[in-house]
file run.pdb (PDB, C-alpha atoms)
ATOM      1  CA  MET D   1      -0.573-101.467 -42.628
ATOM      2  CA  THR D   2      -1.476-104.797 -41.051
ATOM      3  CA  ASP D   3       0.156-107.170 -43.561
ATOM      4  CA  CYS D   4       3.444-105.275 -43.934
ATOM      5  CA  ILE D   5       6.383-107.305 -42.613
ATOM      6  CA  PHE D   6       8.354-104.174 -41.722
ATOM      7  CA  CYS D   7       5.401-102.717 -39.798
ATOM      8  CA  LYS D   8       5.220-105.989 -37.864
ATOM      9  CA  ILE D   9       8.966-105.837 -37.148
ATOM     10  CA  ILE D  10       8.636-102.241 -35.937
ATOM     11  CA  ASN D  11       5.730-103.275 -33.692
ATOM     12  CA  GLY D  12       7.847-106.026 -32.106
ATOM     13  CA  ASP D  13       5.956-108.994 -33.556
ATOM     14  CA  PHE D  14       9.160-110.904 -34.370
ATOM     15  CA  ASN D  15      11.535-109.886 -31.551
ATOM     16  CA  THR D  16      13.901-108.450 -34.153
ATOM     17  CA  GLU D  17      17.098-107.079 -32.672
ATOM     18  CA  PHE D  18      17.460-103.425 -33.550
ATOM     19  CA  VAL D  19      21.020-102.273 -34.193
ATOM     20  CA  TYR D  20      19.859 -98.680 -33.731
ATOM     21  CA  LYS D  21      16.597 -96.837 -33.284
ATOM     22  CA  ASN D  22      15.304 -93.317 -32.859
ATOM     23  CA  GLU D  23      11.906 -91.647 -32.996
ATOM     24  CA  TYR D  24      11.848 -91.771 -36.816
ATOM     25  CA  ALA D  25      13.339 -95.138 -37.750
ATOM     26  CA  VAL D  26      14.622 -98.525 -36.711
ATOM     27  CA  VAL D  27      17.736-100.223 -38.068
ATOM     28  CA  PHE D  28      18.225-103.972 -38.252
ATOM     29  CA  LYS D  29      20.263-106.562 -40.150
ATOM     30  CA  ASP D  30      18.978-107.744 -43.511
ATOM     31  CA  ILE D  31      18.005-111.435 -43.312
ATOM     32  CA  ASN D  32      19.447-112.014 -46.797
ATOM     33  CA  PRO D  33      22.685-110.002 -46.673
ATOM     34  CA  LYS D  34      24.391-108.889 -49.870
ATOM     35  CA  ALA D  35      27.526-107.668 -48.049
ATOM     36  CA  ASP D  36      29.507-108.388 -44.896
ATOM     37  CA  ILE D  37      27.459-105.631 -43.259
ATOM     38  CA  HIS D  38      23.946-105.194 -44.621
ATOM     39  CA  LEU D  39      21.568-103.091 -42.567
ATOM     40  CA  LEU D  40      18.105-101.711 -43.267
ATOM     41  CA  VAL D  41      16.961 -98.269 -42.134
ATOM     42  CA  VAL D  42      13.159 -98.383 -41.945
ATOM     43  CA  PRO D  43      10.890 -95.451 -41.089
ATOM     44  CA  ARG D  44       8.469 -96.076 -38.239
ATOM     45  CA  VAL D  45       5.587 -94.773 -40.377
ATOM     46  CA  HIS D  46       4.418 -96.847 -43.314
ATOM     47  CA  VAL D  47       5.338 -95.315 -46.659
ATOM     48  CA  GLU D  48       5.217 -97.743 -49.586
ATOM     49  CA  SER D  49       8.228 -96.372 -51.462
ATOM     50  CA  LEU D  50      10.213 -93.242 -52.225
ATOM     51  CA  ASN D  51       7.573 -92.380 -54.838
ATOM     52  CA  GLU D  52       4.938 -91.995 -52.105
ATOM     53  CA  LEU D  53       7.119 -90.057 -49.661
ATOM     54  CA  ASP D  54       6.067 -86.423 -49.466
ATOM     55  CA  ASP D  55       7.760 -85.538 -46.182
ATOM     56  CA  GLU D  56      11.147 -83.945 -46.804
ATOM     57  CA  VAL D  57      11.801 -83.761 -43.068
ATOM     58  CA  LEU D  58      11.360 -87.532 -42.746
ATOM     59  CA  LEU D  59      13.678 -88.134 -45.699
ATOM     60  CA  GLY D  60      16.309 -85.959 -44.033
ATOM     61  CA  LYS D  61      15.842 -87.785 -40.712
ATOM     62  CA  LEU D  62      16.280 -91.146 -42.463
ATOM     63  CA  MET D  63      19.521 -90.001 -44.075
ATOM     64  CA  MET D  64      20.763 -88.664 -40.731
ATOM     65  CA  THR D  65      19.887 -92.053 -39.240
ATOM     66  CA  VAL D  66      22.204 -93.632 -41.831
ATOM     67  CA  LYS D  67      24.957 -91.265 -40.731
ATOM     68  CA  ASP D  68      24.307 -91.834 -37.021
ATOM     69  CA  VAL D  69      24.206 -95.636 -37.148
ATOM     70  CA  THR D  70      27.320 -95.931 -39.318
ATOM     71  CA  LYS D  71      29.191 -93.602 -36.989
ATOM     72  CA  LYS D  72      28.008 -95.562 -33.937
ATOM     73  CA  LEU D  73      29.180 -98.834 -35.498
ATOM     74  CA  GLY D  74      32.467 -97.395 -36.776
ATOM     75  CA  ILE D  75      31.563 -97.951 -40.424
ATOM     76  CA  LYS D  76      33.521 -95.416 -42.469
ATOM     77  CA  SER D  77      32.875 -96.657 -46.016
ATOM     78  CA  TYR D  78      29.492 -97.854 -47.167
ATOM     79  CA  ARG D  79      26.957 -97.762 -49.950
ATOM     80  CA  THR D  80      23.308 -96.775 -49.570
ATOM     81  CA  VAL D  81      20.583 -98.124 -51.818
ATOM     82  CA  ILE D  82      16.870 -97.338 -52.068
ATOM     83  CA  ASN D  83      15.020 -99.682 -54.414
ATOM     84  CA  THR D  84      11.831 -98.036 -55.669
ATOM     85  CA  GLY D  85       9.298-100.273 -57.387
ATOM     86  CA  ARG D  86       9.199-103.950 -58.239
ATOM     87  CA  GLU D  87      11.159-103.506 -61.486
ATOM     88  CA  ALA D  88      13.987-101.849 -59.517
ATOM     89  CA  GLY D  89      14.215-104.740 -57.061
ATOM     90  CA  GLN D  90      11.961-103.539 -54.239
ATOM     91  CA  GLU D  91      10.667-106.652 -52.497
ATOM     92  CA  VAL D  92       9.112-105.197 -49.339
ATOM     93  CA  PHE D  93       6.786-102.300 -50.061
ATOM     94  CA  HIS D  94       7.700-100.204 -47.061
ATOM     95  CA  LEU D  95      10.345 -97.593 -47.791
ATOM     96  CA  HIS D  96      13.784 -98.642 -46.536
ATOM     97  CA  ILE D  97      17.403 -97.724 -47.070
ATOM     98  CA  HIS D  98      20.029-100.438 -47.451
ATOM     99  CA  ILE D  99      23.437 -99.819 -45.905
ATOM    100  CA  LEU D 100      26.107-102.129 -47.362
ATOM    101  CA  SER D 101      29.721-102.309 -46.287
ATOM    102  CA  GLY D 102      32.615-104.725 -46.495
ATOM    103  CA  GLY D 103      32.718-107.461 -49.076
ATOM    104  CA  ILE D 104      29.749-107.048 -51.399
ATOM    105  CA  LYS D 105      28.275-110.437 -52.386
TER
END
call {"tool": "encode", "arguments": {"input": "run.pdb", "output": "structure tokens"}}
result
Amino acid sequence: MTDCIFCKIINGDFNTEFVYKNEYAVVFKDINPKADIHLLVVPRVHVESLNELDDEVLLGKLMMTVKDVTKKLGIKSYRTVINTGREAGQEVFHLHIHILSGGIK
């Protein structure tokens, strides 16, 4: 999707620093953090939201990415959030998982 900000980040258009990446996803810091640590796990393929995801393997890989990045960074306690739809707070319509840890703002 050409106008998707997350697709542009994945493609390297903004020189975003990735905290972690694998063949399925990239992980980077949220630009408007709601916690001391606020990361986004974003699939490399464009999927608008959880409602449009029909690939259970990809969903599993995304959740394993959460586990892998938190382990790599030594984060033992965290919350994950997936906002699905505008009314639920989704602002960027490319599926992503929030990882929040530390003081929640």
call {"tool": "resolve_selection", "arguments": {"input": "run.pdb", "expression": "the PyMOL selection byres ((chain D and resi 98) around 7)", "output": "PDB file with C-alpha atoms, in the coordinates of the input"}}
result
ATOM      1  CA  HIS D  38      23.946-105.194 -44.621  1.00  0.00           C
ATOM      2  CA  LEU D  39      21.568-103.091 -42.567  1.00  0.00           C
ATOM      3  CA  LEU D  40      18.105-101.711 -43.267  1.00  0.00           C
ATOM      4  CA  VAL D  41      16.961 -98.269 -42.134  1.00  0.00           C
ATOM      5  CA  THR D  80      23.308 -96.775 -49.570  1.00  0.00           C
ATOM      6  CA  VAL D  81      20.583 -98.124 -51.818  1.00  0.00           C
ATOM      7  CA  ILE D  82      16.870 -97.338 -52.068  1.00  0.00           C
ATOM      8  CA  HIS D  96      13.784 -98.642 -46.536  1.00  0.00           C
ATOM      9  CA  ILE D  97      17.403 -97.724 -47.070  1.00  0.00           C
ATOM     10  CA  ILE D  99      23.437 -99.819 -45.905  1.00  0.00           C
ATOM     11  CA  LEU D 100      26.107-102.129 -47.362  1.00  0.00           C
TER      12      LEU D 100
END
call {"tool": "residues_around", "arguments": {"input": "run.pdb", "residues": "segment 2-11 of chain D", "least_positions_apart": "5", "cutoff": "12 Å", "atoms": "all atoms listed in the file", "output": "MDAnalysis selection string"}}
result
chainID D and resid 16:18 20:30 40:48 91:96
call {"tool": "atom_distance", "arguments": {"input": "run.pdb", "atom1": "atom CA of Ser49 of chain D", "atom2": "atom CA of Met64 of chain D"}}
result
18.2 Å
call {"tool": "atom_distance", "arguments": {"input": "run.pdb", "atom1": "atom CA of Arg86 of chain D", "atom2": "atom CA of Asn51 of chain D"}}
result
12.2 Å
call {"tool": "closest_residue", "arguments": {"input": "run.pdb", "among": "D:Pro33, D:Gly102, D:Asp54, D:Leu59", "to": "Lys76 of chain D", "atoms": "only C-alpha atoms"}}
result
D:Gly102
call {"tool": "atom_distance", "arguments": {"input": "run.pdb", "atom1": "atom CA of Ile31 of chain D", "atom2": "atom CA of Asn83 of chain D"}}
result
16.4 Å
